[in-house]
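Listing of structure_7.txt; format and content: compact mmCIF, C-alpha atoms.
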```txt
# COMPACT_ATOMS: atom_id res chain seq x y z
CA MET A 1 76.62 3.19 14.70
CA LYS A 2 75.88 1.08 17.76
CA LYS A 3 74.89 -2.56 17.34
CA PHE A 4 71.35 -2.47 18.78
CA LYS A 5 68.57 0.03 18.17
CA LYS A 6 67.26 -0.77 21.62
CA VAL A 7 67.88 -2.84 24.72
CA TYR A 8 64.97 -3.85 26.92
CA ILE A 9 65.73 -3.80 30.64
CA GLU A 10 63.17 -5.43 32.91
CA ILE A 11 63.57 -3.42 36.10
CA THR A 12 60.77 -5.41 37.74
CA ASN A 13 58.63 -8.38 36.76
CA ILE A 14 55.96 -7.43 39.29
CA CYS A 15 52.68 -6.01 37.99
CA ASN A 16 49.64 -4.54 39.71
CA LEU A 17 47.30 -6.02 37.08
CA ASP A 18 46.61 -9.51 35.76
CA CYS A 19 45.55 -8.90 32.16
CA SER A 20 44.53 -11.68 29.79
CA PHE A 21 46.74 -10.09 27.11
CA CYS A 22 49.97 -10.93 28.94
CA SER A 23 51.33 -14.46 29.21
CA LYS A 24 51.49 -15.85 32.72
CA SER A 25 54.90 -16.00 34.35
CA CYS A 26 56.35 -18.65 36.66
CA ARG A 27 59.45 -16.65 37.51
CA LYS A 28 60.29 -15.40 40.98
CA LYS A 29 58.85 -11.92 41.50
CA GLU A 30 61.58 -9.37 42.11
CA SER A 31 62.82 -5.89 41.36
CA MET A 32 66.25 -4.84 40.15
CA THR A 33 68.66 -3.10 42.50
CA THR A 34 70.25 0.23 41.66
CA LEU A 35 73.71 -1.39 41.64
CA HIS A 36 72.56 -3.99 39.13
CA PHE A 37 70.87 -1.40 36.94
CA GLU A 38 74.03 0.69 36.76
CA GLU A 39 76.09 -2.42 36.05
CA ILE A 40 73.83 -3.12 33.07
CA LEU A 41 74.18 0.47 31.84
CA LYS A 42 77.95 0.13 31.94
CA LYS A 43 77.93 -3.18 30.11
CA ILE A 44 75.56 -2.10 27.34
CA ASP A 45 77.04 1.39 26.98
CA GLN A 46 78.82 0.68 23.68
CA TYR A 47 75.93 -1.34 22.27
CA THR A 48 72.95 1.02 22.25
CA ASP A 49 71.69 4.53 22.92
CA TYR A 50 68.09 3.51 23.65
CA ILE A 51 66.74 1.57 26.60
CA TYR A 52 63.19 0.35 27.17
CA LEU A 53 62.29 -0.23 30.80
CA HIS A 54 60.05 -3.22 30.40
CA VAL A 55 59.68 -6.84 29.39
CA LYS A 56 57.16 -8.06 31.93
CA GLY A 57 55.99 -6.14 34.97
CA GLU A 58 54.90 -2.55 35.55
CA PRO A 59 57.94 -0.23 35.67
CA LEU A 60 56.09 2.51 37.57
CA LEU A 61 55.89 0.14 40.55
CA HIS A 62 59.65 0.32 41.06
CA LYS A 63 60.52 2.44 44.08
CA ASN A 64 63.84 3.53 42.54
CA LEU A 65 62.48 4.47 39.11
CA ASP A 66 63.51 8.12 39.46
CA GLU A 67 67.05 7.13 40.37
CA PHE A 68 67.21 4.71 37.43
CA ILE A 69 66.18 7.40 34.99
CA TYR A 70 68.81 9.83 36.30
CA LEU A 71 71.40 7.07 35.99
CA ALA A 72 70.33 6.50 32.41
CA LYS A 73 70.93 10.21 31.77
CA LYS A 74 74.42 9.84 33.25
CA TYR A 75 75.16 7.20 30.61
CA ASN A 76 73.51 9.23 27.84
CA LYS A 77 70.69 6.75 27.24
CA TYR A 78 67.29 7.64 25.79
CA VAL A 79 64.64 6.19 28.10
CA ASN A 80 61.39 4.65 26.86
CA ILE A 81 58.72 3.42 29.25
CA THR A 82 55.70 1.19 28.62
CA THR A 83 53.07 1.31 31.34
CA ASN A 84 49.47 0.34 31.98
CA GLY A 85 48.98 3.90 33.23
CA THR A 86 47.28 3.09 36.51
CA LEU A 87 50.04 4.74 38.55
CA ILE A 88 50.73 7.70 36.26
CA ASP A 89 49.26 10.17 38.77
CA LYS A 90 52.23 9.35 41.03
CA PHE A 91 54.85 9.78 38.31
CA ASN A 92 57.48 12.46 38.90
CA MET A 93 56.70 15.08 36.25
CA ARG A 94 60.11 16.65 36.85
CA LEU A 95 61.64 13.69 34.99
CA VAL A 96 59.64 14.67 31.93
CA GLU A 97 60.23 18.39 32.31
CA ASP A 98 63.98 17.77 32.48
CA GLY A 99 63.82 15.93 29.17
CA LEU A 100 64.85 12.59 30.64
CA ILE A 101 62.11 10.49 29.01
CA ARG A 102 62.09 9.98 25.24
CA GLN A 103 58.71 8.22 25.04
CA ILE A 104 55.93 6.88 27.23
CA ASN A 105 53.69 4.15 25.83
CA PHE A 106 50.30 3.67 27.48
CA SER A 107 48.88 0.17 26.98
CA LEU A 108 45.20 1.05 26.75
CA HIS A 109 44.38 -2.61 26.14
CA SER A 110 45.21 -3.24 29.80
CA GLU A 111 42.35 -4.50 31.94
CA ASN A 112 41.78 -2.53 35.11
CA ASN A 113 39.00 -1.10 37.20
CA LYS A 114 40.77 1.93 38.62
CA LYS A 115 38.49 4.91 38.93
CA ASN A 116 39.55 7.91 36.85
CA TYR A 117 42.12 5.72 35.08
CA LEU A 118 41.84 7.52 31.74
CA ASP A 119 41.46 10.93 33.41
CA ASP A 120 44.86 10.50 35.04
CA ILE A 121 46.48 9.43 31.77
CA PHE A 122 45.01 12.30 29.74
CA THR A 123 45.83 14.90 32.40
CA PHE A 124 49.43 13.72 32.50
CA SER A 125 49.80 13.39 28.73
CA LYS A 126 48.56 16.88 27.89
CA VAL A 127 51.35 18.35 30.00
CA ALA A 128 54.06 15.78 29.24
CA LYS A 129 53.64 15.98 25.44
CA PHE A 130 55.75 19.14 25.30
CA ASN A 131 58.80 17.24 26.53
CA THR A 132 58.26 13.63 25.47
CA ASN A 133 56.40 11.47 22.98
CA ILE A 134 53.08 10.00 24.11
CA VAL A 135 51.81 6.81 22.47
CA TYR A 136 48.42 5.24 23.17
CA ARG A 137 48.63 1.55 22.33
CA PHE A 138 45.85 -0.80 21.28
CA TRP A 139 47.54 -4.16 20.75
CA THR A 140 44.63 -6.54 21.19
CA ILE A 141 42.68 -5.84 18.02
CA ASP A 142 40.97 -8.91 16.61
CA ASP A 143 42.66 -9.98 13.37
CA ILE A 144 39.25 -10.49 11.78
CA ASN A 145 38.08 -6.98 12.62
CA ILE A 146 41.10 -4.66 12.64
CA ASN A 147 38.86 -1.64 13.28
CA ASN A 148 37.53 -3.00 16.55
CA ILE A 149 38.95 -0.59 19.14
CA ASN A 150 37.23 -0.42 22.50
CA ASP A 151 34.41 2.05 21.78
CA ASN A 152 34.50 3.67 25.23
CA ILE A 153 38.20 4.47 25.02
CA LEU A 154 37.93 5.70 21.44
CA ASP A 155 35.03 7.94 22.45
CA ARG A 156 37.18 9.38 25.24
CA LEU A 157 40.06 10.03 22.85
CA ILE A 158 37.73 11.81 20.43
CA LEU A 159 36.36 13.98 23.22
CA GLU A 160 39.67 14.73 24.95
CA TYR A 161 41.52 15.64 21.76
CA ASN A 162 38.56 17.03 19.81
CA LEU A 163 39.42 14.69 16.95
CA SER A 164 38.05 15.39 13.49
CA PRO A 165 36.22 12.67 11.52
CA GLU A 166 39.27 12.42 9.25
CA VAL A 167 41.59 11.67 12.17
CA VAL A 168 39.15 9.13 13.60
CA ASP A 169 39.03 7.45 10.22
CA ASN A 170 42.83 7.30 10.20
CA ILE A 171 42.85 5.70 13.64
CA LEU A 172 40.44 3.03 12.46
CA ASN A 173 42.28 2.29 9.24
CA GLN A 174 45.95 2.90 9.97
CA ARG A 175 48.36 1.39 12.46
CA ASN A 176 49.87 4.71 13.52
CA THR A 177 48.08 8.04 13.71
CA LYS A 178 49.19 11.39 15.07
CA ILE A 179 46.39 12.98 17.08
CA ASP A 180 48.14 15.88 18.79
CA PHE A 181 51.58 17.42 19.32
CA ASN A 182 53.96 14.51 20.04
CA THR A 183 50.90 12.30 20.65
CA TYR A 184 50.05 9.16 18.69
CA VAL A 185 47.71 6.17 18.56
CA ASN A 186 49.42 2.86 17.78
CA LYS A 187 47.19 -0.04 16.80
CA ASP A 188 48.06 -3.68 16.21
CA SER A 189 46.36 -7.06 16.03
CA LYS A 190 46.52 -9.73 18.69
CA PHE A 191 49.52 -11.99 18.70
CA VAL A 192 50.24 -15.26 20.48
CA TRP A 193 53.01 -14.98 23.04
CA PRO A 194 55.78 -17.50 22.28
CA ASP A 195 55.33 -20.70 24.25
CA SER A 196 57.03 -24.00 23.49
CA ASN A 197 53.83 -25.79 24.48
CA ASN A 198 51.43 -23.97 22.15
CA ASN A 199 50.09 -25.37 18.87
CA LEU A 200 52.36 -23.26 16.67
CA ASP A 201 55.42 -24.97 15.22
CA GLU A 202 56.87 -23.20 12.22
CA GLU A 203 60.49 -22.66 11.27
CA LYS A 204 59.86 -20.07 8.56
CA GLY A 205 59.94 -16.45 9.66
CA TYR A 206 62.08 -13.49 10.63
CA CYS A 207 62.82 -11.64 13.86
CA TYR A 208 64.80 -8.55 14.83
CA GLY A 209 66.02 -10.28 17.98
CA LEU A 210 69.83 -10.10 18.23
CA LYS A 211 69.85 -7.85 15.16
CA ASP A 212 68.13 -4.70 16.41
CA GLN A 213 67.42 -5.65 20.01
CA ILE A 214 68.10 -7.79 23.04
CA ALA A 215 66.32 -7.99 26.38
CA ILE A 216 67.71 -8.30 29.89
CA LEU A 217 65.43 -9.82 32.51
CA VAL A 218 65.33 -8.67 36.12
CA ASP A 219 67.71 -11.43 37.23
CA GLY A 220 70.26 -10.50 34.56
CA THR A 221 69.34 -13.19 32.04
CA VAL A 222 69.97 -12.01 28.48
CA VAL A 223 67.47 -13.15 25.85
CA PRO A 224 67.17 -12.34 22.12
CA CYS A 225 63.98 -10.29 22.27
CA CYS A 226 61.35 -8.74 24.51
CA LEU A 227 58.85 -11.58 24.03
CA ASP A 228 60.95 -14.20 25.84
CA GLY A 229 59.51 -13.20 29.18
CA GLU A 230 60.39 -16.52 30.83
CA GLY A 231 64.03 -16.49 29.79
CA GLU A 232 63.76 -19.74 27.85
CA ILE A 233 66.48 -18.71 25.38
CA ASP A 234 69.02 -18.03 28.12
CA LEU A 235 72.10 -16.62 26.38
CA GLY A 236 73.97 -15.84 29.58
CA ASN A 237 73.82 -13.52 32.57
CA ILE A 238 74.87 -9.89 32.32
CA PHE A 239 75.88 -9.90 36.00
CA ILE A 240 78.36 -12.71 35.39
CA ASN A 241 79.63 -12.11 31.86
CA THR A 242 80.30 -9.16 29.57
CA LEU A 243 77.87 -8.59 26.74
CA GLU A 244 80.68 -9.30 24.30
CA GLU A 245 81.14 -12.76 25.83
CA ILE A 246 77.41 -13.43 25.73
CA LEU A 247 77.01 -12.37 22.10
CA SER A 248 80.04 -14.30 20.84
CA THR A 249 78.69 -17.78 21.59
CA GLU A 250 77.86 -20.41 18.99
CA ARG A 251 74.21 -20.35 20.06
CA VAL A 252 73.90 -16.66 19.26
CA GLU A 253 75.61 -17.14 15.91
CA LYS A 254 73.18 -19.90 14.96
CA ILE A 255 70.15 -17.78 15.87
CA VAL A 256 71.40 -14.79 13.89
CA ASN A 257 72.36 -16.84 10.84
CA GLY A 258 69.05 -18.66 10.97
CA PHE A 259 66.99 -15.48 10.80
CA ARG A 260 69.20 -14.16 8.00
CA ASN A 261 67.85 -17.10 6.05
CA ARG A 262 64.30 -16.61 7.38
CA VAL A 263 64.58 -19.73 9.56
CA ALA A 264 63.84 -19.96 13.29
CA ILE A 265 66.46 -22.09 15.04
CA GLU A 266 65.28 -21.99 18.65
CA ASN A 267 62.26 -24.02 19.68
CA LEU A 268 60.64 -21.01 21.34
CA CYS A 269 60.98 -19.00 18.13
CA LYS A 270 59.27 -21.75 16.19
CA HIS A 271 56.32 -21.36 18.56
CA CYS A 272 56.09 -17.58 18.16
CA ASN A 273 53.77 -16.07 15.55
CA PHE A 274 55.16 -12.54 15.96
CA LYS A 275 57.92 -13.49 13.50
CA ASN A 276 55.25 -13.75 10.78
CA LYS A 277 54.72 -9.97 10.95
CA PHE A 278 58.06 -9.25 9.30
```

The structure given in the file should be rewritten as structure tokens.
Amino acid sequence: MKKFKKVYIEITNICNLDCSFCSKSCRKKESMTTLHFEEILKKIDQYTDYIYLHVKGEPLLHKNLDEFIYLAKKYNKYVNITTNGTLIDKFNMRLVEDGLIRQINFSLHSENNKKNYLDDIFTFSKVAKFNTNIVYRFWTIDDININNINDNILDRLILEYNLSPEVVDNILNQRNTKIDFNTYVNKDSKFVWPDSNNNLDEEKGYCYGLKDQIAILVDGTVVPCCLDGEGEIDLGNIFINTLEEILSTERVEKIVNGFRNRVAIENLCKHCNFKNKF
């Protein structure tokens, strides 16, 4: 069994939206080269079977996305994509038809004004569902009112999928609901992105970072999890070192041992409330 259930690869940190949900980034805006992407695939090959093409940024903006996905197939990786969906009408359906995409997550909590935005997503999803999993995400639910999904989007889902009252009730009261063949609604409450300058400061908690996952930023920086979008917990650079070298450091050992004891060692982790979910 390979060490990580998933490795996040940020192929670009450029996005076409500026949503309040996402933390603001001060990093240089760039996109990964094909050579660098394949180098990552080689270096993580023995560590995972599943890659997720996002940390920050909109992966569908990358001009070489098709090539990346075919490269992932070459290395026998299952590809997962999270997108705001605004560019899905330009997505190469052949990639889906060829079985190269394991799952596509649509962040329906994204804020955009694109005309026919949901029409494009639904049109794509109803065809793609036969070859990949489709997940509609609502990750900005108010903790006080967990049932508060955007009424307009929920109404559209009900109409498009002819959802029964029982299924609608499940959506409102469960975190995960199947609404169609290979099609799901995933709901979660708001969380505070980790930030060393926020008001949170708690050592107690648990995280799957470095246990089930790592993330690799567009410049090659390896971080423990997908929420370190600024690369504050810089464990090393995949373009300079092997993953074995990066994961064998004393810093990594301390982080892992800390979470085994339900203690956050890194300052950024102490300022992250996502660890309280586990």

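These residues, each with an atom at most 9 Å from (58.2, 13.6, 25.1) using all atoms listed in the file, are A:Val96, A:Glu97, A:Gly99, A:Leu100, A:Ile101, A:Arg102, A:Gln103, A:Ile104, A:Ala128, A:Lys129, A:Phe130, A:Asn131, A:Thr132, A:Asn133, A:Ile134, A:Asn182, A:Thr183.
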
Output file for the residues above (C-alpha atoms, as a PDB file, in the coordinates of the input):
```pdb
ATOM      1  CA  VAL A  96      59.640  14.670  31.930  1.00  0.00           C
ATOM      2  CA  GLU A  97      60.230  18.390  32.310  1.00  0.00           C
ATOM      3  CA  GLY A  99      63.820  15.930  29.170  1.00  0.00           C
ATOM      4  CA  LEU A 100      64.850  12.590  30.640  1.00  0.00           C
ATOM      5  CA  ILE A 101      62.110  10.490  29.010  1.00  0.00           C
ATOM      6  CA  ARG A 102      62.090   9.980  25.240  1.00  0.00           C
ATOM      7  CA  GLN A 103      58.710   8.220  25.040  1.00  0.00           C
ATOM      8  CA  ILE A 104      55.930   6.880  27.230  1.00  0.00           C
ATOM      9  CA  ALA A 128      54.060  15.780  29.240  1.00  0.00           C
ATOM     10  CA  LYS A 129      53.640  15.980  25.440  1.00  0.00           C
ATOM     11  CA  PHE A 130      55.750  19.140  25.300  1.00  0.00           C
ATOM     12  CA  ASN A 131      58.800  17.240  26.530  1.00  0.00           C
ATOM     13  CA  THR A 132      58.260  13.630  25.470  1.00  0.00           C
ATOM     14  CA  ASN A 133      56.400  11.470  22.980  1.00  0.00           C
ATOM     15  CA  ILE A 134      53.080  10.000  24.110  1.00  0.00           C
ATOM     16  CA  ASN A 182      53.960  14.510  20.040  1.00  0.00           C
ATOM     17  CA  THR A 183      50.900  12.300  20.650  1.00  0.00           C
TER      18      THR A 183
END
```

Query raised in the report: Of the candidates A:Phe106, A:Asn273, A:Cys19, A:Asn64, which one gets nearest to Lys190 (chain A) if we count only C-alpha atoms?
Result: A:Asn273

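Around Glu245 (chain A), within 10 Å and counting all atoms listed in the file, the residues found are Leu235, Gly236, Asn237, Ile238 and Ile240 of chain A, once anything fewer than 5 positions away on its own chain is removed.
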
Requested in this report: Using all atoms listed in the file, determine which residues lie at most 9 Å from Glu58 (chain A), disregarding the query and same-chain residues fewer than 5 positions distant; provide the list as an NGL selection string.
Outcome: :A and (11-17 or 82-84)

Requested in this report: Within 8 Å of Lys77 (chain A), counting only C-alpha atoms, which residues show up once you throw out same-chain ones fewer than 4 positions away? Write them as JSON, numbers by chain, please.
Outcome: {"A": [48, 49, 50, 51, 72, 73]}
